[in-house]
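**Student:** My questions all concern the structure below.
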Amino acid sequence: MPQNEGLTRRTVIGAGAAALASVAASDLFHLSSALADTGPTPGVGYFARFGVTDKLLRDTLGAAMSKGGDYADVFFQHRVTNNLSLEDGSVNRASANVGLGVGVRVVRGDQTGYGFTEDITADGLKRAALTAAAIAQGPAKAAPTRFKVMDAKPNRYPVKVKWDDVRPQQKLAMLNSLNERTFKADGRVKKVNINFMDQGSVILIADSNGRIVEDVQPMTTLNLSAVAEQDGRRENNNINRAARADFSFYTPARLDHMVKDVVQKTVVLFDAVQPPAGEMPVVMAAGAAGILLHEAIGHGMEADFNRKNVSIFSDKIGKQVAKPFVSIVDEGTQEGARGAINVDDEGNAVGRTMLVENGTLTSYLHDSISAKHYGVKPTGNGRRQGYEHAPLPRMRSTYMLPGPHKADEIVASVKKGVFCELFSNGQVNIGAGDFTFYVKNGYLIEDGKLTKPIKDVNIIGNGPNVLSLIDMVGDDLKIDEGGWTCGKDGQFVPVSQGLPTVRVSAITVGGRAEKKG
Amino acid sequence: MAKTNEQDMLAIASSCIELAKAAGAKDAGARAYRVRDVSLDYRDGSVEKISEATTRGVNLQLYVDGRFSTASTSDLRPEALKTFIGDSVAMAKAIPVDPFRALPDPALYKGQASTDLQLEDPKYSAVTADEGKRIAKAIHDAARTVKGAEALTSVTASFSSNLVENWMVTSNGFSGSNRGTSFFVSAGASAKDADGRRPEEYDYAGSRFYGALTDASAVGTRAAQKTLARLGSKKGQTNAMNVVIDNRAVGRLVGMLLNPMTASALQQKRSFFEGKLGQQIVSPLMSITDDPLVPKGFGSRKFDNEGIAAKPRAIVENGVLKSYFVDTYYGRKLKMEPTSGGPSNLAWKLGSKSRAELLTDTKDGLLITSFIGGNSNGGTGDFSIGVVGFLVRNGAIAEPVAEMNLSGNHLEFWKKLVAVGNDPNPYSSMRTPSLMFENVSVAGV
């Protein structure tokens, strides 16, 4: 078998080990020194190496406020991403990406001016700041004279072994083993593709109110996909895991589960059918089915859409939108979760926000601009893809609290419908409220039992309508570990989602329709 | 925009090759880029957001003792670059030898077209953020003055422009650069429906030359009219029906059809087009050429991202699959000649009828104006995708429908194509005309 040859070949690549010491030892990305607040400037630890000083920050914010904005902030980022990919039995590509830059934002009322640069010099920053400043047209306002470091910043992604100190051989061994085990698990598997990513991003936010904070944000994702063949037919599927964590995230149990899962969810497709088309009851399996919340309510509750009056939820705060046993949360506090953050990208504290509490619509997801607009505290949802972008209200980890029902009784309650368990993507139209999610795996439910597997079907509904039709909620909440990425206004941020087993009494399943009438 | 510093960026690309070789790479390719972006949103009477920046960086391909790595960075400080390239070469040494990794055959670099593709507006620098504000306000105001505009709850008009510059060098003899500008204007509007929904629609236009956007305010008018037309939308009946897909929307579906035509999909057994070269794969009405040399085209180029000289090439001819998108790496794995790894501009064999005439021919069915969500399985051809549009009754646009879904398998679906419109979308490199299908599966109530 090719994968075995590959394995042998790889074990003799010892020469790499010495070379790799240089990777680990380079000054590329030293997490160890990242948060040592011992530099010459309070709050500037990691970024001191790039020449960032108290004076540079004050001068930049001074230029930003030179036309009288209400508020300004600077966002420095140094982001190092490493990828390894495996195909045809062998790791065939290593890649590294470094992003280093700074964005300057000036806010005046609801208006934003934004500039950024990769040129981290006094001149480069001044140019970006003056670009952003142009949103305002008044007399200059004072920059802060001193900065106060955010206190009691939590540590939601503790890292024992820095990614720097993980030798590539360790990563290669994991990928090779996954490849070999996936082939071994089922003779029908013909192709295995693996992509592994680790990332360290260090950010520094300083603002015109004199706040300053640095944060080191690790991330890792592992994607395992397989193609299987049977009787001349092919099927494929894909499983991934993600976390703000170190290499210890990849426990033998987690990897074993991924292998079993990708093989089972691929070969089951040989028996899968297209579900019928039309409205029917749908049961969402605990876990990744949280995509329902992300699309049906999460985006519509982002406060920028509401202050602009363009969300279907714009006039629904305080109203009953779901059954009393439905409570929906967005939070950034789960340790190691892909959607966890210690601080948002505006430097605000991050906690837990109730979108729906006992069926009543409770709170939007705010950034600083919308919080000021509504006269509430920011909820810590101001996030951005990177220094190239101004922050927007974004989700973190969105899930539903457990309810009163049992998963078994929920499935048993459905006479004819579908059960959805693996998903690839979704989308929503914020104003009309229509949303979709794409189901990779599931089952027909017939007379209260899971029967034939189903595949590749889009489900489409309307947010408030579907919320009101959630009529059973299980007690089995599960937060998914998948590598979910949320896109909005051309910016992509990592998020988490979760759900207990849930029944929606009627929603349109986009299966195959037969000609009628 | 400050004067471009051609020499600097070309020098950076060349120095990356030298650094890579010094660090132990046998071969290398480097692309240095600089992108100037300006964008502005104007909402409900005032500027919402202005963003303006110039970003730059370098992307590298490193071939080290038969091993391969890629590296990209925006940290161009000389010392940082040297360390980074050294580390990236070291990283390549850690992975196995891959006999298929190589730079393109230099013969493929030769034969670049000598025509002027007209991709850069010489007046780019004169189109400032202030001009962007002026045109966005005009678009916004046009939307606010259509008949029934009082029902609009919000209108956002946007302007964006960019200048993209690339400098590419490889260690086996390629050296080239390209520059291009683009300008886009758009408008999005929302209206409040009787039942509390706030349907939204948008419209846009774009060109590589600012002066060509002569009718920008019409974008605002159309966005407002399209939004108001969506009031009162309902979910239609589940059925198999005749469908016209608007030229702006259908690119999504065409993209799903083209993705499995790449050599990587074929080699990785993730393509329903494997073994289909020379066979009838879609309706004979479909003929598509990949044409990288369209003057002013959004996808136009004289060489692709590997440096391979770009040439027009038939993809589908009268429904028969004529060629795949083959890059160097997967071409070597499959023993196929490289063509180019991905599409540039698509040139369609157009039909004679407008969208309105296609609707007349449809009689009863559905007009799809946009897609929402959905996906396509490139391995099997199954797809399922949410649709927004209008019922068609007696050949005319009737009531708006939403929350519906189109499903099928590409190998069957595209054989149901019964007419190609005469209206290629000028604002997209895919240049899709409106397409008409019969008897396809749509889910609703």
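Identifiers in the structure tokens: chain A, B, ... in order shown; residue index from 1 per chain; ligand index from 1 in order shown.
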Identify every residue of chain B that has at least one atom within 6 Å of any atom of chain A, counting only C-alpha atoms, and report the result as a PyMOL selection string.
**Tutor:** chain B and resi 48-53+68-75+87+90+93-94+96+197-200+238-240+373-374+384-385+403+405+441+443-445
**Student:** Within 12 Å of Leu293 (chain B), counting only C-alpha atoms, which residues show up once you throw out same-chain ones fewer than 2 positions away? Write them as a ChimeraX atom specification, please.
**Tutor:** /B:112-119,289-291,295-304,309-313,343-347,429
**Student:** I'd like to know which residues of region 209-445 of chain B are helix (DSSP H, G or I) (by DSSP, run on the backbone); could you write them as an MDAnalysis selection string?
**Tutor:** chainID B and resid 210:212 216:228 251:261 263:267 328:334 355:362 410:416
**Student:** Near Leu253 (chain B), counting only C-alpha atoms, which residues have an atom at most 10 Å away, once you skip same-chain residues fewer than 4 positions from it, shown as a ChimeraX atom specification?
**Tutor:** /B:245,249,257-258,371,375-376,383,385,410
**Student:** List the spatial neighbours of Pro338 (chain B) as number ranges by chain - criterion: any atom at most 12 Å away, only C-alpha atoms, same-chain residues fewer than 2 positions off excluded.
**Tutor:** B: 103-105, 107-109, 262-264, 304, 306-311, 323-336, 340-342
**Student:** May I have the residues from that selection written out with N, CA and C atoms, as a short mmCIF file (atom, residue, chain, number, x, y, z; two decimals), in the first residue's frame?
**Tutor:**
data_model
loop_
_atom_site.label_atom_id
_atom_site.label_comp_id
_atom_site.auth_asym_id
_atom_site.auth_seq_id
_atom_site.Cartn_x
_atom_site.Cartn_y
_atom_site.Cartn_z
N LEU B 103 9.04 23.71 -10.73
CA LEU B 103 8.59 24.92 -11.43
C LEU B 103 8.09 24.51 -12.81
N PRO B 104 7.27 25.33 -13.45
CA PRO B 104 6.79 25.00 -14.79
C PRO B 104 7.96 24.87 -15.77
N ASP B 105 7.73 24.11 -16.82
CA ASP B 105 8.67 24.05 -17.95
C ASP B 105 8.81 25.48 -18.51
N ALA B 107 9.51 26.60 -21.21
CA ALA B 107 8.92 26.79 -22.55
C ALA B 107 7.50 27.36 -22.43
N LEU B 108 6.83 27.04 -21.33
CA LEU B 108 5.44 27.50 -21.16
C LEU B 108 5.36 28.99 -20.81
N TYR B 109 6.50 29.57 -20.42
CA TYR B 109 6.50 31.02 -20.13
C TYR B 109 6.43 31.82 -21.42
N THR B 262 -10.85 20.96 -12.31
CA THR B 262 -9.43 21.18 -12.03
C THR B 262 -8.71 19.84 -11.91
N ALA B 263 -7.42 19.88 -12.29
CA ALA B 263 -6.62 18.67 -12.22
C ALA B 263 -6.51 18.16 -10.78
N SER B 264 -6.49 19.06 -9.81
CA SER B 264 -6.39 18.59 -8.42
C SER B 264 -7.62 17.79 -8.04
N ASP B 304 -0.44 33.27 -16.05
CA ASP B 304 -1.21 32.86 -14.87
C ASP B 304 -0.31 32.92 -13.62
N GLU B 306 1.39 30.86 -12.19
CA GLU B 306 2.65 30.12 -12.27
C GLU B 306 3.59 30.74 -13.29
N GLY B 307 3.09 31.72 -14.04
CA GLY B 307 3.90 32.33 -15.10
C GLY B 307 3.62 31.76 -16.47
N ILE B 308 2.71 30.80 -16.56
CA ILE B 308 2.40 30.17 -17.85
C ILE B 308 1.68 31.19 -18.75
N ALA B 309 2.17 31.35 -19.97
CA ALA B 309 1.58 32.31 -20.90
C ALA B 309 0.11 31.96 -21.13
N ALA B 310 -0.74 32.97 -21.01
CA ALA B 310 -2.18 32.74 -21.06
C ALA B 310 -2.69 32.75 -22.50
N LYS B 311 -3.54 31.75 -22.82
CA LYS B 311 -4.11 31.65 -24.17
C LYS B 311 -5.60 31.28 -24.07
N SER B 323 -11.55 20.64 -22.33
CA SER B 323 -10.28 20.66 -21.60
C SER B 323 -10.51 20.91 -20.12
N TYR B 324 -9.50 20.49 -19.34
CA TYR B 324 -9.52 20.70 -17.89
C TYR B 324 -8.63 21.88 -17.52
N PHE B 325 -8.71 22.30 -16.25
CA PHE B 325 -7.80 23.33 -15.72
C PHE B 325 -6.63 22.61 -15.04
N VAL B 326 -5.50 22.59 -15.73
CA VAL B 326 -4.37 21.77 -15.27
C VAL B 326 -3.18 22.66 -14.88
N ASP B 327 -2.76 22.57 -13.63
CA ASP B 327 -1.56 23.30 -13.21
C ASP B 327 -0.35 22.35 -13.32
N THR B 328 0.83 22.87 -13.02
CA THR B 328 2.04 22.07 -13.21
C THR B 328 2.07 20.83 -12.30
N TYR B 329 1.77 21.03 -11.02
CA TYR B 329 1.90 19.92 -10.06
C TYR B 329 0.96 18.77 -10.38
N TYR B 330 -0.33 19.07 -10.49
CA TYR B 330 -1.28 17.98 -10.75
C TYR B 330 -1.17 17.47 -12.18
N GLY B 331 -0.72 18.35 -13.09
CA GLY B 331 -0.44 17.90 -14.44
C GLY B 331 0.62 16.81 -14.43
N ARG B 332 1.67 17.01 -13.65
CA ARG B 332 2.73 15.99 -13.55
C ARG B 332 2.20 14.71 -12.91
N LYS B 333 1.37 14.87 -11.88
CA LYS B 333 0.80 13.66 -11.26
C LYS B 333 -0.08 12.89 -12.23
N LEU B 334 -0.80 13.62 -13.07
CA LEU B 334 -1.75 12.97 -13.99
C LEU B 334 -1.15 12.71 -15.37
N LYS B 335 0.11 13.12 -15.57
CA LYS B 335 0.74 13.05 -16.90
C LYS B 335 -0.10 13.81 -17.94
N MET B 336 -0.54 15.01 -17.56
CA MET B 336 -1.29 15.87 -18.49
C MET B 336 -0.49 17.14 -18.69
N SER B 340 -3.78 25.74 -17.43
CA SER B 340 -3.69 26.77 -16.41
C SER B 340 -4.58 26.25 -15.29
N GLY B 341 -4.19 26.54 -14.05
CA GLY B 341 -4.87 25.91 -12.92
C GLY B 341 -6.27 26.40 -12.63
N GLY B 342 -6.66 27.52 -13.23
CA GLY B 342 -8.00 28.04 -12.94
C GLY B 342 -8.46 29.00 -14.01
#
**Student:** For CA of Val97 (chain B) and CA of Asp186 (chain A), determine how far apart the two atoms are, in Å to one decimal place.
**Tutor:** 27.3 Å
**Student:** For Met241 (chain B), please output as a PyMOL selection string all residues within 7 Å (counting only C-alpha atoms; exclusion window: fewer than 6 positions along the same chain).
**Tutor:** chain B and resi 365+438-441
**Student:** If you run DSSP on the backbone, which residues of region 291-378 of chain A are strand (DSSP E or B), as a CSV table (one decimal) with N, CA and C atoms, in the first residue's frame?
**Tutor:**
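Output below, filename states.csv:
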chain,number,residue,atom,x,y,z
A,302,GLU,N,-26.7,40.7,15.7
A,302,GLU,CA,-25.5,41.5,15.7
A,302,GLU,C,-26.0,43.0,15.6
A,320,GLN,N,-41.6,37.8,23.1
A,320,GLN,CA,-41.5,36.4,23.1
A,320,GLN,C,-41.3,35.9,21.7
A,328,ILE,N,-30.9,31.0,24.5
A,328,ILE,CA,-29.8,31.0,23.5
A,328,ILE,C,-28.7,32.0,24.0
A,329,VAL,N,-27.5,31.5,23.9
A,329,VAL,CA,-26.4,32.3,24.5
A,329,VAL,C,-25.3,32.5,23.5
A,330,ASP,N,-24.6,33.6,23.6
A,330,ASP,CA,-23.3,33.8,22.8
A,330,ASP,C,-22.3,34.2,23.8
A,331,GLU,N,-21.2,33.4,23.9
A,331,GLU,CA,-20.2,33.8,24.9
A,331,GLU,C,-18.8,33.5,24.4
A,343,VAL,N,-10.2,38.9,25.3
A,343,VAL,CA,-10.6,40.3,25.2
A,343,VAL,C,-11.0,40.4,23.7
A,349,ALA,N,-13.9,43.7,27.6
A,349,ALA,CA,-14.0,42.4,28.3
A,349,ALA,C,-15.0,41.6,27.7
A,352,ARG,N,-20.6,36.6,28.8
A,352,ARG,CA,-21.7,35.8,28.3
A,352,ARG,C,-22.9,36.7,28.0
A,353,THR,N,-23.5,36.6,26.8
A,353,THR,CA,-24.6,37.4,26.4
A,353,THR,C,-25.8,36.5,26.1
A,354,MET,N,-26.9,36.8,26.8
A,354,MET,CA,-28.1,36.1,26.5
A,354,MET,C,-28.9,36.7,25.3
A,355,LEU,N,-29.0,35.9,24.2
A,355,LEU,CA,-29.7,36.4,23.1
A,355,LEU,C,-31.2,36.2,23.3
A,356,VAL,N,-31.5,35.0,23.9
A,356,VAL,CA,-32.9,34.6,24.2
A,356,VAL,C,-32.9,34.0,25.6
A,357,GLU,N,-33.7,34.5,26.4
A,357,GLU,CA,-33.8,33.9,27.8
A,357,GLU,C,-35.2,33.5,28.0
A,360,THR,N,-37.7,34.7,25.5
A,360,THR,CA,-37.8,36.2,25.2
A,360,THR,C,-36.5,36.7,24.7
A,361,LEU,N,-36.6,37.5,23.6
A,361,LEU,CA,-35.4,38.1,23.0
A,361,LEU,C,-34.8,39.2,24.0
A,365,LEU,N,-25.8,41.6,20.2
A,365,LEU,CA,-24.4,41.5,20.3
A,365,LEU,C,-23.7,42.8,19.9
